[in-house]
Each structure stands twice: as C-alpha cells, then as structure tokens.
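Below is input27.pdb, which holds PDB, C-alpha atoms.
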ATOM      1  CA  MET A   1     -69.174 -12.560 -54.970
ATOM      2  CA  GLY A   2     -67.505 -15.731 -53.687
ATOM      3  CA  LYS A   3     -66.869 -16.901 -50.117
ATOM      4  CA  LEU A   4     -63.818 -14.657 -49.659
ATOM      5  CA  GLY A   5     -65.631 -11.600 -50.998
ATOM      6  CA  LYS A   6     -68.571 -12.223 -48.663
ATOM      7  CA  TYR A   7     -66.201 -12.668 -45.713
ATOM      8  CA  ILE A   8     -64.329  -9.419 -46.446
ATOM      9  CA  PHE A   9     -67.614  -7.532 -46.871
ATOM     10  CA  MET A  10     -69.182  -8.924 -43.669
ATOM     11  CA  LYS A  11     -66.027  -8.546 -41.569
ATOM     12  CA  LYS A  12     -66.548  -4.769 -41.658
ATOM     13  CA  TYR A  13     -69.722  -5.071 -39.569
ATOM     14  CA  LYS A  14     -69.177  -5.335 -35.796
ATOM     15  CA  MET A  15     -72.528  -7.050 -35.203
ATOM     16  CA  ILE A  16     -71.295 -10.098 -37.131
ATOM     17  CA  SER A  17     -67.475  -9.943 -37.371
ATOM     18  CA  SER A  18     -66.722 -11.933 -34.192
ATOM     19  CA  PHE A  19     -68.823 -14.854 -35.496
ATOM     20  CA  LEU A  20     -66.849 -15.259 -38.741
ATOM     21  CA  PRO A  21     -64.043 -17.853 -38.852
ATOM     22  CA  ASP A  22     -60.748 -16.528 -40.224
ATOM     23  CA  THR A  23     -60.875 -16.872 -44.037
ATOM     24  CA  ARG A  24     -58.125 -16.076 -46.566
ATOM     25  CA  LYS A  25     -57.002 -16.832 -50.107
ATOM     26  CA  ALA A  26     -55.505 -20.360 -50.229
ATOM     27  CA  THR A  27     -51.845 -19.519 -50.861
ATOM     28  CA  LEU A  28     -49.053 -21.679 -49.422
ATOM     29  CA  SER A  29     -48.074 -18.795 -47.154
ATOM     30  CA  ASN A  30     -51.623 -18.361 -45.798
ATOM     31  CA  ILE A  31     -52.086 -22.115 -45.303
ATOM     32  CA  LYS A  32     -48.788 -22.281 -43.338
ATOM     33  CA  THR A  33     -49.717 -19.257 -41.202
ATOM     34  CA  MET A  34     -53.196 -20.528 -40.399
ATOM     35  CA  LEU A  35     -51.992 -24.050 -39.574
ATOM     36  CA  ARG A  36     -49.595 -22.480 -37.066
ATOM     37  CA  MET A  37     -52.466 -20.465 -35.613
ATOM     38  CA  TYR A  38     -55.241 -23.071 -35.582
ATOM     39  CA  GLY A  39     -53.639 -26.507 -36.085
ATOM     40  CA  SER A  40     -56.300 -27.469 -38.617
ATOM     41  CA  VAL A  41     -57.886 -25.710 -41.609
ATOM     42  CA  TYR A  42     -60.410 -26.282 -44.373
ATOM     43  CA  LEU A  43     -59.769 -25.628 -48.045
ATOM     44  CA  LYS A  44     -62.922 -24.708 -49.975
ATOM     45  CA  PRO A  45     -63.638 -23.577 -53.550
ATOM     46  CA  ASP A  46     -64.402 -19.849 -53.491
ATOM     47  CA  GLU A  47     -67.504 -20.502 -55.591
ATOM     48  CA  GLY A  48     -69.726 -23.554 -55.387
ATOM     49  CA  THR A  49     -72.071 -25.296 -52.991
ATOM     50  CA  GLY A  50     -73.073 -28.780 -51.921
ATOM     51  CA  GLY A  51     -69.893 -29.543 -49.994
ATOM     52  CA  HIS A  52     -67.983 -30.625 -53.109
ATOM     53  CA  GLY A  53     -64.204 -30.185 -53.366
ATOM     54  CA  ILE A  54     -63.693 -29.454 -49.656
ATOM     55  CA  TYR A  55     -60.451 -30.611 -48.007
ATOM     56  CA  LYS A  56     -59.142 -30.570 -44.456
ATOM     57  CA  ILE A  57     -55.488 -30.269 -43.435
ATOM     58  CA  THR A  58     -54.330 -30.990 -39.894
ATOM     59  CA  GLU A  59     -50.764 -30.625 -38.636
ATOM     60  CA  GLU A  60     -49.655 -33.386 -36.264
ATOM     61  CA  LYS A  61     -46.000 -33.404 -35.119
ATOM     62  CA  ASN A  62     -44.465 -32.357 -38.467
ATOM     63  CA  ASN A  63     -46.890 -34.653 -40.255
ATOM     64  CA  PHE A  64     -49.666 -33.160 -42.392
ATOM     65  CA  VAL A  65     -52.912 -35.132 -42.559
ATOM     66  CA  PHE A  66     -54.951 -34.443 -45.685
ATOM     67  CA  HIS A  67     -58.653 -35.376 -45.640
ATOM     68  CA  THR A  68     -60.648 -35.476 -48.859
ATOM     69  CA  GLY A  69     -64.157 -36.937 -48.676
ATOM     70  CA  SER A  70     -63.682 -40.001 -46.468
ATOM     71  CA  ASN A  71     -60.073 -40.579 -47.632
ATOM     72  CA  VAL A  72     -56.976 -39.678 -45.606
ATOM     73  CA  ARG A  73     -53.399 -39.174 -46.835
ATOM     74  CA  ASN A  74     -50.282 -38.271 -44.844
ATOM     75  CA  TYR A  75     -47.483 -35.940 -45.975
ATOM     76  CA  ASN A  76     -44.228 -35.091 -44.181
ATOM     77  CA  SER A  77     -44.065 -31.774 -46.050
ATOM     78  CA  LEU A  78     -46.760 -29.132 -46.449
ATOM     79  CA  ASN A  79     -45.065 -27.926 -49.640
ATOM     80  CA  VAL A  80     -45.443 -31.363 -51.219
ATOM     81  CA  LEU A  81     -49.081 -31.568 -50.110
ATOM     82  CA  VAL A  82     -49.967 -28.136 -51.526
ATOM     83  CA  ASN A  83     -48.026 -28.784 -54.744
ATOM     84  CA  SER A  84     -50.107 -31.939 -55.314
ATOM     85  CA  ILE A  85     -53.312 -29.855 -55.435
ATOM     86  CA  GLN A  86     -51.843 -26.531 -56.610
ATOM     87  CA  LYS A  87     -53.539 -26.576 -60.034
ATOM     88  CA  LYS A  88     -56.949 -27.157 -58.450
ATOM     89  CA  LEU A  89     -56.355 -24.437 -55.822
ATOM     90  CA  ILE A  90     -55.596 -21.924 -58.573
ATOM     91  CA  ARG A  91     -58.275 -23.063 -61.049
ATOM     92  CA  ASP A  92     -61.123 -23.038 -58.513
ATOM     93  CA  LYS A  93     -59.774 -20.022 -56.569
ATOM     94  CA  TYR A  94     -59.690 -21.834 -53.239
ATOM     95  CA  ILE A  95     -59.968 -20.190 -49.838
ATOM     96  CA  VAL A  96     -58.464 -21.434 -46.576
ATOM     97  CA  GLN A  97     -60.666 -21.233 -43.498
ATOM     98  CA  GLU A  98     -60.019 -21.750 -39.804
ATOM     99  CA  ARG A  99     -61.443 -25.124 -38.793
ATOM    100  CA  ILE A 100     -64.277 -24.957 -36.294
ATOM    101  CA  ILE A 101     -64.529 -28.271 -34.431
ATOM    102  CA  LEU A 102     -68.232 -29.023 -34.689
ATOM    103  CA  LEU A 103     -70.480 -30.144 -31.880
ATOM    104  CA  LYS A 104     -71.510 -33.809 -32.241
ATOM    105  CA  TYR A 105     -74.677 -35.839 -31.994
ATOM    106  CA  LYS A 106     -74.161 -39.600 -31.570
ATOM    107  CA  ASN A 107     -70.445 -39.171 -32.375
ATOM    108  CA  ARG A 108     -71.094 -37.453 -35.713
ATOM    109  CA  PRO A 109     -70.577 -33.710 -36.228
ATOM    110  CA  PHE A 110     -73.430 -31.451 -37.256
ATOM    111  CA  ASP A 111     -74.083 -27.880 -38.290
ATOM    112  CA  ILE A 112     -77.236 -25.819 -38.793
ATOM    113  CA  ARG A 113     -78.943 -24.194 -41.771
ATOM    114  CA  VAL A 114     -81.100 -21.152 -41.017
ATOM    115  CA  MET A 115     -83.446 -20.109 -43.816
ATOM    116  CA  LEU A 116     -84.264 -16.411 -44.186
ATOM    117  CA  GLN A 117     -86.798 -15.027 -46.673
ATOM    118  CA  LYS A 118     -88.172 -11.580 -47.384
ATOM    119  CA  ASN A 119     -91.789 -10.854 -46.466
ATOM    120  CA  GLU A 120     -94.248  -8.510 -48.225
ATOM    121  CA  LYS A 121     -92.477  -5.486 -46.719
ATOM    122  CA  GLY A 122     -89.090  -6.662 -47.983
ATOM    123  CA  THR A 123     -87.693  -7.407 -44.516
ATOM    124  CA  LEU A 124     -86.150 -10.770 -43.616
ATOM    125  CA  ASP A 125     -87.993 -13.409 -41.586
ATOM    126  CA  VAL A 126     -86.649 -16.729 -40.287
ATOM    127  CA  THR A 127     -88.767 -19.294 -42.117
ATOM    128  CA  GLY A 128     -86.849 -22.471 -41.299
ATOM    129  CA  ILE A 129     -84.069 -23.957 -39.203
ATOM    130  CA  ILE A 130     -82.663 -27.478 -39.570
ATOM    131  CA  GLY A 131     -79.642 -29.496 -38.483
ATOM    132  CA  ARG A 132     -77.353 -31.447 -40.833
ATOM    133  CA  GLN A 133     -75.436 -34.387 -39.400
ATOM    134  CA  ALA A 134     -72.342 -35.537 -41.299
ATOM    135  CA  LYS A 135     -72.200 -39.022 -42.761
ATOM    136  CA  ARG A 136     -69.810 -41.260 -40.826
ATOM    137  CA  ASN A 137     -66.135 -40.441 -41.617
ATOM    138  CA  LYS A 138     -67.127 -37.525 -43.879
ATOM    139  CA  ILE A 139     -65.817 -34.001 -43.291
ATOM    140  CA  VAL A 140     -68.885 -32.224 -44.685
ATOM    141  CA  THR A 141     -72.490 -32.154 -43.440
ATOM    142  CA  ASN A 142     -74.243 -31.177 -46.684
ATOM    143  CA  TYR A 143     -77.435 -33.080 -47.483
ATOM    144  CA  HIS A 144     -76.358 -33.754 -51.077
ATOM    145  CA  SER A 145     -73.029 -35.170 -49.811
ATOM    146  CA  GLY A 146     -74.767 -37.744 -47.615
ATOM    147  CA  GLY A 147     -75.558 -35.600 -44.571
ATOM    148  CA  THR A 148     -78.669 -36.438 -42.520
ATOM    149  CA  PRO A 149     -81.219 -33.640 -41.984
ATOM    150  CA  LEU A 150     -82.533 -33.627 -38.402
ATOM    151  CA  PRO A 151     -84.571 -31.261 -36.214
ATOM    152  CA  ILE A 152     -82.257 -28.854 -34.404
ATOM    153  CA  ASP A 153     -84.003 -29.637 -31.102
ATOM    154  CA  THR A 154     -82.980 -33.306 -31.462
ATOM    155  CA  LEU A 155     -79.328 -32.427 -32.118
ATOM    156  CA  LEU A 156     -79.075 -30.008 -29.185
ATOM    157  CA  LYS A 157     -80.877 -32.234 -26.644
ATOM    158  CA  PRO A 158     -77.697 -33.944 -25.311
ATOM    159  CA  HIS A 159     -76.016 -30.547 -24.857
ATOM    160  CA  LEU A 160     -78.699 -28.286 -23.332
ATOM    161  CA  ASN A 161     -81.705 -28.660 -21.054
ATOM    162  CA  ASP A 162     -85.195 -27.775 -22.316
ATOM    163  CA  GLU A 163     -85.252 -24.096 -21.318
ATOM    164  CA  SER A 164     -81.645 -23.425 -22.373
ATOM    165  CA  ARG A 165     -82.273 -25.181 -25.677
ATOM    166  CA  LYS A 166     -85.254 -22.971 -26.485
ATOM    167  CA  GLN A 167     -83.255 -19.811 -25.767
ATOM    168  CA  TYR A 168     -80.238 -21.078 -27.700
ATOM    169  CA  ILE A 169     -82.298 -21.819 -30.821
ATOM    170  CA  GLN A 170     -83.589 -18.225 -30.660
ATOM    171  CA  THR A 171     -79.959 -17.037 -30.450
ATOM    172  CA  ILE A 172     -79.060 -19.083 -33.553
ATOM    173  CA  GLU A 173     -82.056 -17.671 -35.424
ATOM    174  CA  SER A 174     -81.075 -14.106 -34.443
ATOM    175  CA  LEU A 175     -77.517 -14.682 -35.635
ATOM    176  CA  GLY A 176     -78.827 -16.006 -38.952
ATOM    177  CA  LYS A 177     -81.027 -12.936 -39.285
ATOM    178  CA  ASP A 178     -78.172 -10.524 -38.458
ATOM    179  CA  ALA A 179     -75.816 -12.236 -40.906
ATOM    180  CA  SER A 180     -78.415 -12.144 -43.691
ATOM    181  CA  ALA A 181     -79.281  -8.510 -42.967
ATOM    182  CA  VAL A 182     -75.615  -7.589 -43.378
ATOM    183  CA  LEU A 183     -75.068  -9.554 -46.583
ATOM    184  CA  SER A 184     -78.370  -8.356 -48.081
ATOM    185  CA  LYS A 185     -76.820  -4.864 -48.220
ATOM    186  CA  SER A 186     -74.698  -6.248 -51.056
ATOM    187  CA  TYR A 187     -77.382  -8.583 -52.465
ATOM    188  CA  ARG A 188     -80.409  -6.296 -52.480
ATOM    189  CA  SER A 189     -82.312  -8.227 -55.152
ATOM    190  CA  LYS A 190     -82.031 -11.597 -53.350
ATOM    191  CA  ARG A 191     -85.164 -12.721 -51.535
ATOM    192  CA  ALA A 192     -83.751 -15.751 -49.682
ATOM    193  CA  PHE A 193     -80.575 -16.578 -47.767
ATOM    194  CA  GLY A 194     -79.388 -19.874 -46.297
ATOM    195  CA  VAL A 195     -77.028 -19.306 -43.359
ATOM    196  CA  ASP A 196     -74.778 -22.220 -42.361
ATOM    197  CA  ILE A 197     -73.907 -22.031 -38.664
ATOM    198  CA  ALA A 198     -71.430 -24.203 -36.773
ATOM    199  CA  ILE A 199     -71.390 -24.642 -32.993
ATOM    200  CA  ASP A 200     -68.091 -25.347 -31.252
ATOM    201  CA  HIS A 201     -67.488 -27.268 -27.997
ATOM    202  CA  LYS A 202     -67.937 -24.054 -25.983
ATOM    203  CA  MET A 203     -71.365 -23.595 -27.600
ATOM    204  CA  LYS A 204     -70.170 -20.561 -29.533
ATOM    205  CA  PRO A 205     -71.936 -20.240 -32.912
ATOM    206  CA  TRP A 206     -69.963 -19.429 -36.074
ATOM    207  CA  VAL A 207     -71.258 -18.297 -39.468
ATOM    208  CA  LEU A 208     -69.510 -20.631 -41.917
ATOM    209  CA  GLU A 209     -71.186 -19.513 -45.118
ATOM    210  CA  ILE A 210     -74.235 -17.738 -46.519
ATOM    211  CA  ASN A 211     -75.914 -19.096 -49.631
ATOM    212  CA  THR A 212     -77.789 -16.615 -51.802
ATOM    213  CA  GLN A 213     -79.588 -19.407 -53.688
ATOM    214  CA  PRO A 214     -80.411 -21.789 -50.830
ATOM    215  CA  ASP A 215     -81.806 -25.264 -51.463
ATOM    216  CA  MET A 216     -85.293 -25.506 -49.972
ATOM    217  CA  SER A 217     -85.750 -29.258 -50.498
ATOM    218  CA  ILE A 218     -83.836 -30.204 -47.337
ATOM    219  CA  PHE A 219     -86.761 -28.930 -45.247
ATOM    220  CA  ASN A 220     -89.098 -31.331 -47.051
ATOM    221  CA  THR A 221     -87.186 -34.266 -45.503
ATOM    222  CA  LEU A 222     -88.567 -33.512 -42.022
ATOM    223  CA  LYS A 223     -91.704 -35.376 -40.916
ATOM    224  CA  ASN A 224     -93.245 -32.119 -39.766
ATOM    225  CA  LYS A 225     -93.902 -30.156 -42.988
ATOM    226  CA  THR A 226     -94.802 -26.847 -41.273
ATOM    227  CA  MET A 227     -91.463 -25.162 -42.051
ATOM    228  CA  TYR A 228     -91.366 -26.426 -45.619
ATOM    229  CA  GLN A 229     -94.893 -25.169 -46.273
ATOM    230  CA  ARG A 230     -94.001 -21.759 -44.827
ATOM    231  CA  ILE A 231     -90.860 -21.584 -47.004
ATOM    232  CA  LEU A 232     -92.912 -22.378 -50.135
ATOM    233  CA  ARG A 233     -95.465 -19.735 -49.150
ATOM    234  CA  TYR A 234     -92.747 -17.077 -48.772
ATOM    235  CA  ALA A 235     -91.167 -18.125 -52.089
ATOM    236  CA  LYS A 236     -94.389 -17.068 -53.847
ATOM    237  CA  ILE A 237     -94.441 -13.548 -52.348
ATOM    238  CA  LYS A 238     -94.145 -10.836 -54.970
ATOM    239  CA  ARG A 239     -92.747  -7.430 -54.086
TER     240      ARG A 239
END

Can the structure in the file be given as structure tokens, please?
Amino acid sequence: MGKLGKYIFMKKYKMISSFLPDTRKATLSNIKTMLRMYGSVYLKPDEGTGGHGIYKITEEKNNFVFHTGSNVRNYNSLNVLVNSIQKKLIRDKYIVQERIILLKYKNRPFDIRVMLQKNEKGTLDVTGIIGRQAKRNKIVTNYHSGGTPLPIDTLLKPHLNDESRKQYIQTIESLGKDASAVLSKSYRSKRAFGVDIAIDHKMKPWVLEINTQPDMSIFNTLKNKTMYQRILRYAKIKR
C-alpha cells in the first residue's frame, strides 16, 4: 500500500482523520484544485522513502514556482509545468498533498519522527522520538537528504515553555501511537512504524506519512543513546 492507499484507509478513522493533510492522486485537475484551495502543494512518489523525488509547487500571482531539491524554476502556466514532469508523475504514481508550513528552528523548518514498536504482548509502545531539521534551502527534512537530527526538546524550546513543552511532546507521542494503531489494522505483521509528524504555525500536529520499515539509524546520531538502545532491544523481541 502506497501513501495514497494509507491515506484513504486512515481517513475512515475519526480519531486520526483531522490530522491528515489532504492527499490525492497527482492529476492536473487535482493539482489545480488543491493549489486553489491551499496555495502550495507537495508532489511525492506514492511509493518510496528518504525524501527523494519530492517537489513543491506554489502559486504566486499567476506564476507557478516549482521547487525541486534546492533548485527553483518559474512557470507562467501550470499546464506547461505539469507537462514537463508528466512522464515521471505517471511512472512513479505521484500523489499531491496539501502543504503544511512547518515550524522552524533557527530559520530552518523541521518535522518529527515518532518510533513505535510492538512489545511482548503485541501492543505498540513509543520507543523513540526525534526531530529532523531541513538542510538550508532544501524542501525535505529527511536525514539521508541532508537533514539534521536533533532532540525534539531542543527544537520546541523557542516555541513553548518547559511545562507546555513536556505536555506537547506527550501529545505528539499519543498522536504517533494512535496513527500507528490505526494503520496496524492493515499491517498486522509489521512490528515497527515510523510516524512523520509536522507542526504548523498554530502548533497543530499533522501526520505526513507512516513508514512500515522505519530507519532506526537516525536515533544513533543523538549523543544520548538511551532511545537507540531501547529501539534495538525492542527489535529483538520475538512474538
């Protein structure tokens, strides 16, 4: 199941539906509609991880700004823009997703990865949570695309006081757990989920994506190895 399939499946569950950004098949019609609605959208391959092949389109006064990696191109026609990447959109079954404007730390956007793993009883526990800060001028935060892993407490410090921050991190963890619990209904054999959560300027969290084969190595980049050691311990659990 790709990103669109996961979105359609999860959208049926009220506990999680309001935290999912609008996601559709990347047709010209859907891209036009969503640009009218949101002003800016992301194009993502339906399958695939690591932040590769992700584009951003923003409409600015009849001008369409196309971001790919750290490059920017301008088009005066959306049709021309889409035609230039049409083959790739079809081949890689692209989706179009509402752009969530990410919260920033030191003028660079970041998102959060919540790691969930099944315990001996087969229920999901939060075993790790980490922030990923985008490389300067990049539109993705992924570690393997140059993103910087940082403790979530560090990233939230400029936005929330100590007590609020503690409560907010618990909220993010709960959202990650709820999202994984929903998706695990369709992925019963999976023992780990990596939930990517964005935070907008109103501090609302959004579930951008759930990985069913999450990379654990990002947690090994933190100085404090407690989370990484816990993740490795859970990875060895046999059911």

Rows by chain and residue number, range 84-154 of chain A within 6 Å of range 32-45 of chain A, shortest pair, all atoms listed in the file, as a tab-separated table:
residue	atom	partner	partner_atom	distance
A:Asp92	CA	A:Pro45	CA	5.6
A:Tyr94	CA	A:Pro45	CA	4.3
A:Ile95	CA	A:Lys44	CA	5.4
A:Val96	CA	A:Leu43	CA	4.6
A:Gln97	CA	A:Tyr42	CA	5.1
A:Glu98	CA	A:Val41	CA	4.8
A:Arg99	CA	A:Val41	CA	4.6

Could I get the residues of range 108-127 of chain A with an atom no further than 10 Å from an atom of range 202-226 of chain A, each paired with its nearest atom pair and that distance in Å to one decimal, using only C-alpha atoms, sorted by chain and residue number, as JSON lines?
{"residue": "A:Asp111", "atom": "CA", "partner": "A:Leu208", "partner_atom": "CA", "distance": 9.3}
{"residue": "A:Ile112", "atom": "CA", "partner": "A:Val207", "partner_atom": "CA", "distance": 9.6}
{"residue": "A:Arg113", "atom": "CA", "partner": "A:Ile210", "partner_atom": "CA", "distance": 9.3}
{"residue": "A:Val114", "atom": "CA", "partner": "A:Ile210", "partner_atom": "CA", "distance": 9.4}
{"residue": "A:Met115", "atom": "CA", "partner": "A:Pro214", "partner_atom": "CA", "distance": 7.8}
{"residue": "A:Leu116", "atom": "CA", "partner": "A:Pro214", "partner_atom": "CA", "distance": 9.4}
{"residue": "A:Thr127", "atom": "CA", "partner": "A:Thr226", "partner_atom": "CA", "distance": 9.7}

Write the selection just made, keeping C-alpha atoms, as a PDB file, keeping the file's coordinate frame?
ATOM      1  CA  ASP A 111     -74.083 -27.880 -38.290  1.00  0.00           C
ATOM      2  CA  ILE A 112     -77.236 -25.819 -38.793  1.00  0.00           C
ATOM      3  CA  ARG A 113     -78.943 -24.194 -41.771  1.00  0.00           C
ATOM      4  CA  VAL A 114     -81.100 -21.152 -41.017  1.00  0.00           C
ATOM      5  CA  MET A 115     -83.446 -20.109 -43.816  1.00  0.00           C
ATOM      6  CA  LEU A 116     -84.264 -16.411 -44.186  1.00  0.00           C
ATOM      7  CA  THR A 127     -88.767 -19.294 -42.117  1.00  0.00           C
TER       8      THR A 127
END

(request) Go through A:Leu232, A:Ile57, A:Ile100, A:Leu4 and flag the residue nearest Asp200 in chain A, using all atoms listed in the file for the distances. (result) A:Ile100

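With all atoms listed in the file as the atoms that count, the minimum distance from Val82 in chain A to the choices A:Thr154, A:Ser180, A:Ser18, A:Asn30 is reached by A:Asn30.
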
(request) Fewer than 6 positions away in the same chain doesn't count, so skip those; otherwise give me all residues within 12 Å of Arg165 in chain A, counting all atoms listed in the file, as a PyMOL selection string. (result) chain A and resi 152-159+171-172+203

(message) If we count only C-alpha atoms and set the cut-off at 12 Å, which residues sit around range 83-91 of chain A, ignoring sequence neighbours fewer than 2 positions away in its own chain? Please answer as a count of residues only.
(response) 26

(request) Choose the residue, out of A:Lys238, A:Lys185, A:Arg132, A:Arg191, that has the smallest atom-to-atom separation from Pro151 in chain A; count all atoms listed in the file. (result) A:Arg132

(message) Nearest residue to Ser189 in chain A out of A:Lys61, A:Thr123, A:His67, A:Ser29, using all atoms listed in the file?
(response) A:Thr123

(message) Measuring between only C-alpha atoms, which one of A:Asn71, A:Met10, A:Asn161, A:Asn119 shows the shortest distance to Ser186 in chain A?
(response) A:Met10

3 Å per side around range 72-79 of chain A: axis-aligned box centre and edge lengths, as lines of an AutoDock Vina configuration file:
center_x = -50.5
center_y = -33.8
center_z = -46.9
size_x = 18.9
size_y = 17.8
size_z = 11.5

(message) Using only C-alpha atoms, can you tell me which of A:Ser70, A:Ser17, A:Gln117, A:Asn76 comes closest to Phe193 in chain A?
(response) A:Gln117

(message) If I take CA of Gly48 in chain A and CA of Gly194 in chain A, how far is one from the other in Å, to one decimal?
(response)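 Interatomic distance here is 13.8 Å.
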
(request) Measure the distance from CA of Leu103 in chain A to CA of Leu20 in chain A in Å and round it to one decimal. (result)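 Going from CA of Leu103 in chain A over to CA of Leu20 in chain A, I get 16.8 Å.
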
(request) Could you jot down the CA of Gly131 in chain A to CA of Leu150 in chain A separation for me, Å, one decimal place? (result)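 Rounded to one decimal, the two atoms are 5.0 Å apart.
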
Some atoms are absent from range 152-173 of chain A, so rebuild N, CA, C and O atoms and return them as a short mmCIF file (atom, residue, chain, number, x, y, z; two decimals), in the coordinates of the input.
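Below is the file that was written, result-v2.cif:
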data_model
loop_
_atom_site.label_atom_id
_atom_site.label_comp_id
_atom_site.auth_asym_id
_atom_site.auth_seq_id
_atom_site.Cartn_x
_atom_site.Cartn_y
_atom_site.Cartn_z
N ILE A 152 -83.31 -29.45 -35.23
CA ILE A 152 -82.26 -28.85 -34.40
C ILE A 152 -82.46 -29.20 -32.93
O ILE A 152 -81.49 -29.41 -32.19
N ASP A 153 -83.71 -29.30 -32.50
CA ASP A 153 -84.00 -29.64 -31.10
C ASP A 153 -83.43 -31.01 -30.74
O ASP A 153 -82.88 -31.20 -29.66
N THR A 154 -83.53 -31.95 -31.67
CA THR A 154 -82.98 -33.31 -31.46
C THR A 154 -81.46 -33.26 -31.28
O THR A 154 -80.91 -33.89 -30.37
N LEU A 155 -80.79 -32.49 -32.14
CA LEU A 155 -79.33 -32.43 -32.12
C LEU A 155 -78.79 -31.74 -30.86
O LEU A 155 -77.71 -32.06 -30.37
N LEU A 156 -79.55 -30.77 -30.34
CA LEU A 156 -79.08 -30.01 -29.18
C LEU A 156 -79.46 -30.64 -27.85
O LEU A 156 -78.93 -30.26 -26.80
N LYS A 157 -80.36 -31.62 -27.88
CA LYS A 157 -80.88 -32.23 -26.64
C LYS A 157 -79.79 -32.75 -25.70
O LYS A 157 -79.85 -32.54 -24.49
N PRO A 158 -78.74 -33.45 -26.23
CA PRO A 158 -77.70 -33.94 -25.31
C PRO A 158 -76.83 -32.83 -24.71
O PRO A 158 -76.09 -33.07 -23.76
N HIS A 159 -76.92 -31.63 -25.26
CA HIS A 159 -76.02 -30.55 -24.86
C HIS A 159 -76.67 -29.48 -23.98
O HIS A 159 -75.98 -28.77 -23.26
N LEU A 160 -78.00 -29.35 -24.06
CA LEU A 160 -78.70 -28.29 -23.33
C LEU A 160 -80.02 -28.80 -22.77
O LEU A 160 -80.69 -29.62 -23.40
N ASN A 161 -80.40 -28.28 -21.60
CA ASN A 161 -81.70 -28.66 -21.05
C ASN A 161 -82.81 -27.92 -21.80
O ASN A 161 -82.54 -27.06 -22.64
N ASP A 162 -84.07 -28.27 -21.52
CA ASP A 162 -85.20 -27.78 -22.32
C ASP A 162 -85.24 -26.26 -22.43
O ASP A 162 -85.37 -25.71 -23.54
N GLU A 163 -85.14 -25.56 -21.30
CA GLU A 163 -85.25 -24.10 -21.32
C GLU A 163 -84.06 -23.46 -22.03
O GLU A 163 -84.22 -22.55 -22.85
N SER A 164 -82.86 -23.95 -21.73
CA SER A 164 -81.64 -23.42 -22.37
C SER A 164 -81.68 -23.66 -23.87
O SER A 164 -81.24 -22.83 -24.66
N ARG A 165 -82.21 -24.81 -24.26
CA ARG A 165 -82.27 -25.18 -25.68
C ARG A 165 -83.17 -24.21 -26.44
O ARG A 165 -82.82 -23.75 -27.54
N LYS A 166 -84.30 -23.89 -25.86
CA LYS A 166 -85.25 -22.97 -26.48
C LYS A 166 -84.61 -21.60 -26.71
O LYS A 166 -84.71 -21.02 -27.79
N GLN A 167 -83.92 -21.12 -25.67
CA GLN A 167 -83.26 -19.81 -25.77
C GLN A 167 -82.11 -19.84 -26.78
O GLN A 167 -81.90 -18.89 -27.53
N TYR A 168 -81.39 -20.96 -26.80
CA TYR A 168 -80.24 -21.08 -27.70
C TYR A 168 -80.68 -21.10 -29.16
O TYR A 168 -80.04 -20.48 -30.03
N ILE A 169 -81.77 -21.78 -29.44
CA ILE A 169 -82.30 -21.82 -30.82
C ILE A 169 -82.69 -20.41 -31.26
O ILE A 169 -82.44 -20.01 -32.41
N GLN A 170 -83.25 -19.62 -30.34
CA GLN A 170 -83.59 -18.23 -30.66
C GLN A 170 -82.33 -17.41 -30.96
O GLN A 170 -82.31 -16.57 -31.86
N THR A 171 -81.25 -17.71 -30.21
CA THR A 171 -79.96 -17.04 -30.45
C THR A 171 -79.42 -17.36 -31.84
O THR A 171 -78.94 -16.48 -32.56
N ILE A 172 -79.52 -18.64 -32.23
CA ILE A 172 -79.06 -19.08 -33.55
C ILE A 172 -79.88 -18.39 -34.65
O ILE A 172 -79.35 -17.93 -35.66
N GLU A 173 -81.18 -18.33 -34.44
CA GLU A 173 -82.06 -17.67 -35.42
C GLU A 173 -81.70 -16.19 -35.56
O GLU A 173 -81.65 -15.65 -36.67
#
